[in-house]
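Asks: Supplied in structure tokens, the structure appears directly below.
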Amino acid sequence: MPQGTPAAGDTGVGTGFTSAEQAAMRRALQVARNPGVPLGPNPRVGCVLLDAAGRQVAEGFHRGAGHPHAEVEALRAHTAAYGGPPTGLTAVVTLEPCDHTGRTGPCTQALLDAGIGRVVFAQPDANPVAAGGAATLRAAGVDVAGGLLEDEARSVNRAWTFAVDHGRPFVTWKLAASLDGRVAAADGSSRWVSNEAARRDTHARRAQCDVVLAGTGTVLVDDPQLNVRDETDRPLLPTRQPLRAVMGLRSLPAGSRVLDGSAETVLLRTRDPRDALAELFALDRQHVFLEGGPRLAAAFLAAGLVDEVVAYVAPMLLGGGTHAVEGLKINTIAEALRLEVADVATLGTGGARNVRLVMTPVRAEERKG
Ligand SMILES: NC(=O)c1ccc[n+]([C@@H]2O[C@H](COP(=O)([O-])OP(=O)(O)OC[C@H]3O[C@@H](n4cnc5c(N)ncnc54)[C@H](OP(=O)(O)O)[C@@H]3O)[C@@H](O)[C@H]2O)c1
């Protein structure tokens, strides 16, 4: 699939990468994002092979844990299309080629075996187990350059990158509140604070995470299912579901909906958010969707363990009832936990529209700076 033939040696404007390499990286990022790839512990990765004239001659992407890596897929696609070995080609990859044998062999070896002459990658692999690919390739005489469209590559695997960098999963706290900041009415009822469009949006966001977490309080009061359901309210297949996690010391009744077979469930018998995240990280989980309730949210916020907030604000007043956060122990405006707005949208139609705010907590060190 030739896509333009830039002059050999054309290095693009001030980047050190040819315009063919830049175009190939954009394509590799596109194939990496393939929506058909299920959630899993592995990053999304794309690879495009370029010939000496800068033509894109093969591509591949990683289909998830246990499947060949993107580089191997692209090499196979090249062999299938052209027969002979891809000697002298340039491999353009969204993530530094791995250098370890996991469920599959090291990509560095596959690239060396194929006689690849140059490797261009976007994001360095910070995973201590797989890192070192660039150094191995260089030591074997391959021309290697990294950092091309790195920010874009990091955003493709936002949670994976965060988890590798921080040694814990990324945490998104979701809440649905009335205009006066209540998530449940005085009698404890909370269905439904948000409108249908907001609830659909919540399911779409749950599906992007690999854990849905709630406290025992919410599970005992609301008996939520905490799974991902489609537009017709049918649960997705159990294999496509995030892990359900319930945190707290109390036991749940055997008939709790969170214990049905529609998805896996883990009970985190702790009140320490750090321990809970460590347990989820050990289960290879990278993105927690924290659905409350108010006491658990406060614990995560107080520990500085909320990385993103998704709030649905409904045009209703509840007058009393449960606050969105209970027990944050803030006494004066100077102690306010401030958030930075990343996105605002309205969901639904007419007078029942909800406002969705996506926000990032401003960390104490950022406030001082
Ligand atoms: N509208 C919304 O978005 C929304 C979302 C969720 C909940 N809600 C509402 O919130 C209400 C429930 O409130 P809640 O505060 O009881 O729910 P919660 O925060 O889900 O549960 C609190 C319980 O979690 C356990 N827990 C575990 N770690 C904790 C920690 N570090 N700090 C504090 N507690 C910890 C404790 O139970 P153990 O004794 O078992 O350890 C605690 O009693 C319900 O009415 C529900 O409808 C609304």
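Naming scheme: A, B, ... for chains in displayed order of the structure tokens; residues 1 onward per chain; ligands 1 onward as shown.
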Between chain A and ligand 1, at 8 Å or less, what are the per-residue closest atom pairs and their distances in Å? Count only C-alpha atoms and all ligand atoms, order by chain and rising residue number, and return it as CSV.

Replies:
residue,atom,partner,partner_atom_place_in_ligand_line,distance
A:Lys174,CA,ligand 1,3 (O),6.6
A:Leu175,CA,ligand 1,3 (O),3.7
A:Ala176,CA,ligand 1,3 (O),3.9
A:Ala177,CA,ligand 1,1 (N),5.6
A:Arg182,CA,ligand 1,1 (N),7.4
A:Val183,CA,ligand 1,1 (N),3.8
A:Ala184,CA,ligand 1,45 (O),5.0
A:Ala185,CA,ligand 1,45 (O),7.5
A:Gly188,CA,ligand 1,45 (O),4.5
A:Ser189,CA,ligand 1,47 (O),6.1
A:Ser190,CA,ligand 1,47 (O),4.7
A:Arg191,CA,ligand 1,47 (O),7.5
A:Trp192,CA,ligand 1,1 (N),7.8
A:Val193,CA,ligand 1,1 (N),6.1
A:Ser194,CA,ligand 1,1 (N),7.6
A:Ala214,CA,ligand 1,20 (O),5.2
A:Gly215,CA,ligand 1,20 (O),3.2
A:Thr216,CA,ligand 1,24 (O),4.6
A:Gly217,CA,ligand 1,21 (O),3.2
A:Thr218,CA,ligand 1,20 (O),3.8
A:Val219,CA,ligand 1,20 (O),6.6
A:Val221,CA,ligand 1,44 (C),5.6
A:Asp222,CA,ligand 1,47 (O),5.5
A:Met247,CA,ligand 1,27 (C),4.8
A:Gly248,CA,ligand 1,41 (O),3.4
A:Leu249,CA,ligand 1,41 (O),3.7
A:Arg250,CA,ligand 1,40 (O),3.6
A:Ser251,CA,ligand 1,40 (O),7.0
A:Arg269,CA,ligand 1,41 (O),7.6
A:Thr270,CA,ligand 1,28 (N),6.1
A:Arg271,CA,ligand 1,28 (N),3.3
A:Asp272,CA,ligand 1,31 (N),5.2
A:Pro273,CA,ligand 1,31 (N),5.9
A:Glu291,CA,ligand 1,5 (C),5.4
A:Gly292,CA,ligand 1,6 (C),4.1
A:Gly293,CA,ligand 1,19 (O),3.4
A:Pro294,CA,ligand 1,15 (O),4.3
A:Arg295,CA,ligand 1,19 (O),3.6
A:Leu296,CA,ligand 1,19 (O),3.7
A:Ala297,CA,ligand 1,19 (O),6.2
A:Ala298,CA,ligand 1,32 (N),7.1
A:Ala299,CA,ligand 1,31 (N),4.7
A:Phe300,CA,ligand 1,31 (N),7.1
A:Thr322,CA,ligand 1,10 (O),6.3
A:Ala324,CA,ligand 1,2 (C),7.2
A:Val325,CA,ligand 1,15 (O),7.8
A:Glu326,CA,ligand 1,15 (O),6.6

Asks: Go ahead and dump the residues you just picked, C-alpha atoms, as a PDB file, in the first residue's frame.

Replies:
ATOM      1  CA  LYS A 174     -17.197   9.184  38.703  1.00  0.00           C
ATOM      2  CA  LEU A 175     -20.135  10.807  40.459  1.00  0.00           C
ATOM      3  CA  ALA A 176     -23.651  11.837  39.566  1.00  0.00           C
ATOM      4  CA  ALA A 177     -24.909  14.707  41.695  1.00  0.00           C
ATOM      5  CA  ARG A 182     -26.097  15.399  46.682  1.00  0.00           C
ATOM      6  CA  VAL A 183     -25.654  11.897  45.317  1.00  0.00           C
ATOM      7  CA  ALA A 184     -28.626  10.378  47.175  1.00  0.00           C
ATOM      8  CA  ALA A 185     -31.833  11.745  48.702  1.00  0.00           C
ATOM      9  CA  GLY A 188     -31.120   6.932  50.722  1.00  0.00           C
ATOM     10  CA  SER A 189     -32.717   6.574  47.289  1.00  0.00           C
ATOM     11  CA  SER A 190     -30.415   7.574  44.426  1.00  0.00           C
ATOM     12  CA  ARG A 191     -31.969   6.076  41.283  1.00  0.00           C
ATOM     13  CA  TRP A 192     -31.760   7.994  39.116  1.00  0.00           C
ATOM     14  CA  VAL A 193     -29.918  11.204  39.825  1.00  0.00           C
ATOM     15  CA  SER A 194     -28.507  11.382  36.300  1.00  0.00           C
ATOM     16  CA  ALA A 214     -17.285   0.735  44.813  1.00  0.00           C
ATOM     17  CA  GLY A 215     -17.386   0.714  48.608  1.00  0.00           C
ATOM     18  CA  THR A 216     -19.388  -1.786  50.624  1.00  0.00           C
ATOM     19  CA  GLY A 217     -21.687   1.116  51.610  1.00  0.00           C
ATOM     20  CA  THR A 218     -22.865   1.681  48.047  1.00  0.00           C
ATOM     21  CA  VAL A 219     -23.159  -2.028  47.323  1.00  0.00           C
ATOM     22  CA  VAL A 221     -27.547   0.258  49.899  1.00  0.00           C
ATOM     23  CA  ASP A 222     -27.999   0.271  46.120  1.00  0.00           C
ATOM     24  CA  MET A 247     -13.781  -2.368  48.994  1.00  0.00           C
ATOM     25  CA  GLY A 248     -14.493  -2.602  52.729  1.00  0.00           C
ATOM     26  CA  LEU A 249     -14.560  -4.946  55.673  1.00  0.00           C
ATOM     27  CA  ARG A 250     -18.242  -5.857  55.773  1.00  0.00           C
ATOM     28  CA  SER A 251     -19.472  -9.028  54.032  1.00  0.00           C
ATOM     29  CA  ARG A 269     -10.953  -6.499  52.394  1.00  0.00           C
ATOM     30  CA  THR A 270      -9.159  -3.287  53.309  1.00  0.00           C
ATOM     31  CA  ARG A 271      -9.871   0.379  53.986  1.00  0.00           C
ATOM     32  CA  ASP A 272      -6.488   1.558  52.734  1.00  0.00           C
ATOM     33  CA  PRO A 273      -6.770   2.904  49.152  1.00  0.00           C
ATOM     34  CA  GLU A 291     -17.968   4.781  41.400  1.00  0.00           C
ATOM     35  CA  GLY A 292     -18.090   5.841  45.011  1.00  0.00           C
ATOM     36  CA  GLY A 293     -19.646   6.187  47.218  1.00  0.00           C
ATOM     37  CA  PRO A 294     -18.979   9.370  49.093  1.00  0.00           C
ATOM     38  CA  ARG A 295     -16.873   7.907  51.904  1.00  0.00           C
ATOM     39  CA  LEU A 296     -14.669   5.813  49.660  1.00  0.00           C
ATOM     40  CA  ALA A 297     -14.243   8.764  47.279  1.00  0.00           C
ATOM     41  CA  ALA A 298     -13.159  10.947  50.203  1.00  0.00           C
ATOM     42  CA  ALA A 299     -10.554   8.371  51.218  1.00  0.00           C
ATOM     43  CA  PHE A 300      -9.085   8.262  47.701  1.00  0.00           C
ATOM     44  CA  THR A 322     -25.812  12.245  51.022  1.00  0.00           C
ATOM     45  CA  ALA A 324     -20.986  13.787  46.893  1.00  0.00           C
ATOM     46  CA  VAL A 325     -18.012  13.434  49.261  1.00  0.00           C
ATOM     47  CA  GLU A 326     -18.339  12.620  52.960  1.00  0.00           C
TER      48      GLU A 326
END

Asks: Can you pull out the residues contacting region 274-287 of chain A? Cut-off 12 Å, using only C-alpha atoms, and skip same-chain residues under 6 positions away; I want them as a compact mmCIF listing (two decimals) with C-alpha atoms, in the first residue's frame.

Replies:
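Written output follows (result-v8.txt):
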# COMPACT_ATOMS: atom_id res chain seq x y z
CA LEU A 39 -9.00 -4.50 27.18
CA GLY A 40 -6.07 -6.29 28.71
CA PRO A 41 -2.79 -5.81 30.49
CA ASN A 42 -0.85 -5.05 27.32
CA PRO A 43 -0.47 -1.68 25.57
CA ALA A 65 -1.99 -10.45 25.59
CA ASN A 157 -2.11 4.02 26.18
CA ARG A 158 -2.84 6.64 28.82
CA ALA A 159 -3.67 4.22 31.65
CA TRP A 160 -0.97 1.67 30.73
CA THR A 161 1.65 4.43 30.61
CA PHE A 162 0.47 5.88 33.92
CA ALA A 163 0.48 2.47 35.61
CA VAL A 164 4.00 1.65 34.36
CA ASP A 165 5.27 5.10 35.43
CA HIS A 166 3.58 5.14 38.88
CA GLY A 167 3.39 1.49 39.84
CA ARG A 168 -0.36 1.71 40.42
CA PRO A 169 -3.53 1.97 38.32
CA PHE A 170 -4.89 5.33 37.08
CA VAL A 171 -8.03 6.27 39.04
CA THR A 172 -11.07 7.97 37.53
CA TRP A 173 -13.69 8.96 40.11
CA ARG A 205 -16.53 4.96 30.26
CA ARG A 206 -16.72 1.83 32.41
CA ALA A 207 -15.93 -0.17 29.27
CA GLN A 208 -12.70 1.81 28.82
CA CYS A 209 -11.48 0.79 32.29
CA ASP A 210 -10.41 -2.59 33.59
CA VAL A 211 -11.83 -2.22 37.12
CA VAL A 212 -15.12 -0.80 38.41
CA LEU A 213 -14.71 -0.10 42.13
CA ALA A 214 -17.29 0.73 44.81
CA GLY A 215 -17.39 0.71 48.61
CA PRO A 242 -14.01 -4.88 33.61
CA LEU A 243 -13.29 -6.55 36.93
CA ARG A 244 -15.79 -5.54 39.63
CA ALA A 245 -14.16 -4.66 42.95
CA VAL A 246 -15.87 -3.97 46.27
CA MET A 247 -13.78 -2.37 48.99
CA GLY A 248 -14.49 -2.60 52.73
CA THR A 265 -15.69 -9.75 41.11
CA VAL A 266 -12.97 -9.28 43.70
CA LEU A 267 -13.58 -8.29 47.33
CA LEU A 268 -10.86 -5.96 48.62
CA LEU A 296 -14.67 5.81 49.66
CA ALA A 299 -10.55 8.37 51.22
CA PHE A 300 -9.09 8.26 47.70
CA LEU A 301 -9.16 12.06 47.37
CA ALA A 302 -7.52 12.59 50.77
CA ALA A 303 -4.77 10.13 49.83
CA GLY A 304 -4.14 11.99 46.55
CA LEU A 305 -5.15 8.88 44.63
CA VAL A 306 -7.74 10.36 42.27
CA ASP A 307 -6.25 11.23 38.87
CA GLU A 308 -9.41 12.26 37.00

Asks: So which residues touch region 334-339 of chain A within 7 Å, counting only C-alpha atoms, skipping near sequence neighbours fewer than 2 positions away, as a list in words?

Replies: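 Once the nearby chain positions are removed, what remains is Ile330, Asn331, Thr332, Val341, Met359, Thr360, Pro361 and Val362 of chain A.
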
Asks: How would the residues just picked look written out with C-alpha atoms as a compact mmCIF listing (two decimals), in the first residue's frame?

Replies:
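The resulting file, again-v5.txt, is reproduced below:
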# COMPACT_ATOMS: atom_id res chain seq x y z
CA ILE A 330 -11.69 20.53 54.74
CA ASN A 331 -12.43 23.50 57.02
CA THR A 332 -11.48 26.64 55.16
CA VAL A 341 -11.59 21.47 34.05
CA MET A 359 -11.59 17.38 35.63
CA THR A 360 -8.12 16.78 37.01
CA PRO A 361 -7.29 17.39 40.68
CA VAL A 362 -4.63 20.07 41.15

Asks: If we count only C-alpha atoms, what is near region 127-143 of chain A at a cut-off of 10 Å, once residues fewer than 6 positions away on the same chain are taken out, given as number ranges by chain?

Replies: A: 88, 90, 95-102, 106-109, 111-112, 115-121, 160-161, 163-165, 167

Asks: Take the residues from that selection and put them in a file with N, CA and C atoms, as a short mmCIF file (atom, residue, chain, number, x, y, z; two decimals), in the first residue's frame.

Replies:
data_model
loop_
_atom_site.label_atom_id
_atom_site.label_comp_id
_atom_site.auth_asym_id
_atom_site.auth_seq_id
_atom_site.Cartn_x
_atom_site.Cartn_y
_atom_site.Cartn_z
N GLY A 88 16.72 -4.64 5.24
CA GLY A 88 16.99 -3.24 4.93
C GLY A 88 15.82 -2.30 5.11
N THR A 90 12.80 -0.10 7.12
CA THR A 90 12.69 0.67 8.36
C THR A 90 11.40 0.26 9.06
N LEU A 95 5.72 1.96 20.08
CA LEU A 95 6.37 1.71 21.38
C LEU A 95 7.73 1.07 21.13
N GLU A 96 8.71 1.45 21.93
CA GLU A 96 10.06 0.86 21.81
C GLU A 96 9.94 -0.67 21.77
N PRO A 97 10.56 -1.33 20.81
CA PRO A 97 10.44 -2.79 20.73
C PRO A 97 10.86 -3.47 22.03
N CYS A 98 10.12 -4.47 22.42
CA CYS A 98 10.40 -5.13 23.70
C CYS A 98 11.64 -6.00 23.58
N ASP A 99 12.25 -6.25 24.74
CA ASP A 99 13.52 -6.98 24.74
C ASP A 99 13.43 -8.19 25.66
N HIS A 100 12.23 -8.70 25.86
CA HIS A 100 12.12 -9.83 26.78
C HIS A 100 11.18 -10.90 26.23
N THR A 101 11.32 -12.09 26.80
CA THR A 101 10.43 -13.18 26.41
C THR A 101 9.32 -13.27 27.44
N GLY A 102 8.13 -12.91 27.04
CA GLY A 102 6.96 -13.03 27.92
C GLY A 102 6.09 -14.13 27.35
N PRO A 106 11.05 -11.93 22.19
CA PRO A 106 11.42 -10.51 22.11
C PRO A 106 11.32 -9.97 20.69
N CYS A 107 10.77 -8.78 20.56
CA CYS A 107 10.64 -8.16 19.24
C CYS A 107 11.99 -7.76 18.69
N THR A 108 12.93 -7.41 19.58
CA THR A 108 14.27 -7.04 19.12
C THR A 108 14.83 -8.17 18.27
N GLN A 109 14.69 -9.41 18.75
CA GLN A 109 15.23 -10.56 18.02
C GLN A 109 14.52 -10.74 16.68
N LEU A 111 13.17 -8.47 14.88
CA LEU A 111 13.60 -7.41 13.95
C LEU A 111 15.01 -7.70 13.44
N LEU A 112 15.88 -8.20 14.33
CA LEU A 112 17.25 -8.53 13.92
C LEU A 112 17.23 -9.71 12.94
N GLY A 115 16.49 -8.68 9.52
CA GLY A 115 17.46 -7.82 8.85
C GLY A 115 17.00 -6.38 8.71
N ILE A 116 16.15 -5.93 9.64
CA ILE A 116 15.67 -4.54 9.61
C ILE A 116 16.86 -3.58 9.78
N GLY A 117 16.91 -2.51 8.96
CA GLY A 117 18.07 -1.62 8.98
C GLY A 117 17.92 -0.45 9.95
N ARG A 118 16.68 0.02 10.11
CA ARG A 118 16.45 1.17 10.99
C ARG A 118 15.14 0.97 11.74
N VAL A 119 15.14 1.42 13.00
CA VAL A 119 13.92 1.36 13.81
C VAL A 119 13.62 2.76 14.33
N VAL A 120 12.39 3.22 14.08
CA VAL A 120 11.94 4.50 14.62
C VAL A 120 10.79 4.19 15.57
N PHE A 121 10.88 4.67 16.81
CA PHE A 121 9.77 4.41 17.72
C PHE A 121 9.30 5.72 18.35
N TRP A 160 -2.13 2.59 30.70
CA TRP A 160 -0.97 1.67 30.73
C TRP A 160 0.30 2.46 31.06
N THR A 161 0.46 3.61 30.39
CA THR A 161 1.65 4.43 30.61
C THR A 161 1.69 4.92 32.05
N ALA A 163 0.26 3.58 34.68
CA ALA A 163 0.48 2.47 35.61
C ALA A 163 1.96 2.05 35.61
N VAL A 164 2.57 2.02 34.44
CA VAL A 164 4.00 1.65 34.36
C VAL A 164 4.84 2.73 35.06
N ASP A 165 4.49 4.00 34.84
CA ASP A 165 5.27 5.10 35.43
C ASP A 165 5.11 5.20 36.95
N GLY A 167 3.49 2.74 39.08
CA GLY A 167 3.39 1.49 39.84
C GLY A 167 2.04 1.29 40.50
#

Asks: Which of region 46-122 of chain A counts as strand (DSSP E or B) under DSSP, as a list of chain:residue names please?

Replies: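 Strand (DSSP E or B) assignments inside region 46-122 of chain A correspond to A:Gly46, A:Cys47, A:Val48, A:Leu49, A:Leu50, A:Gln56, A:Val57, A:Ala58, A:Glu59, A:Gly60, A:Phe61, A:Thr90, A:Ala91, A:Val92, A:Val93, A:Thr94, A:Leu95, A:Arg118, A:Val119, A:Val120, A:Phe121, A:Ala122.
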
Asks: Which of these, A:Val48, A:Leu347, A:Val72, A:Ala110, has the shortest distance to Ala23 (chain A) once you count only C-alpha atoms?

Replies: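 Using only C-alpha atoms, the shortest distance to Ala23 (chain A) belongs to A:Val48.
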
Asks: Could you give me the residues within region 142-327 of chain A that DSSP places in alpha helix (DSSP H), as a PyMOL selection string?

Replies: chain A and resi 150-156+158-166+196-207+216-222+273-282+294-302

Asks: As a PyMOL selection string, please: the residues near Glu231 (chain A) (cut-off 12 Å, only C-alpha atoms, same-chain neighbours under 5 positions excluded).

Replies: chain A and resi 196-197+199-204+236

Asks: Pick out the closest residue to Asn195 (chain A) from this set: A:Pro315, A:Pro38, A:Gly46, A:Gly54. Count only C-alpha atoms.

Replies: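 Closest to Asn195 (chain A), using only C-alpha atoms: A:Pro315.
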
Asks: Find the residues around Ala114 (chain A) up to 8 Å (only C-alpha atoms counted), leave out those fewer than 4 positions away in its own chain, and share them as a ChimeraX atom specification.

Replies: /A:75,85-87,110

Asks: Could you check how far CA of Gln241 (chain A) sits from CA of Arg229 (chain A), in Å to one decimal?

Replies: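 One can read the CA of Gln241 (chain A) to CA of Arg229 (chain A) distance as 9.2 Å.
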
Asks: I'd like the interatomic distance between CA of Pro35 (chain A) and CA of Arg63 (chain A), to a tenth of an Å.

Replies: 10.1 Å
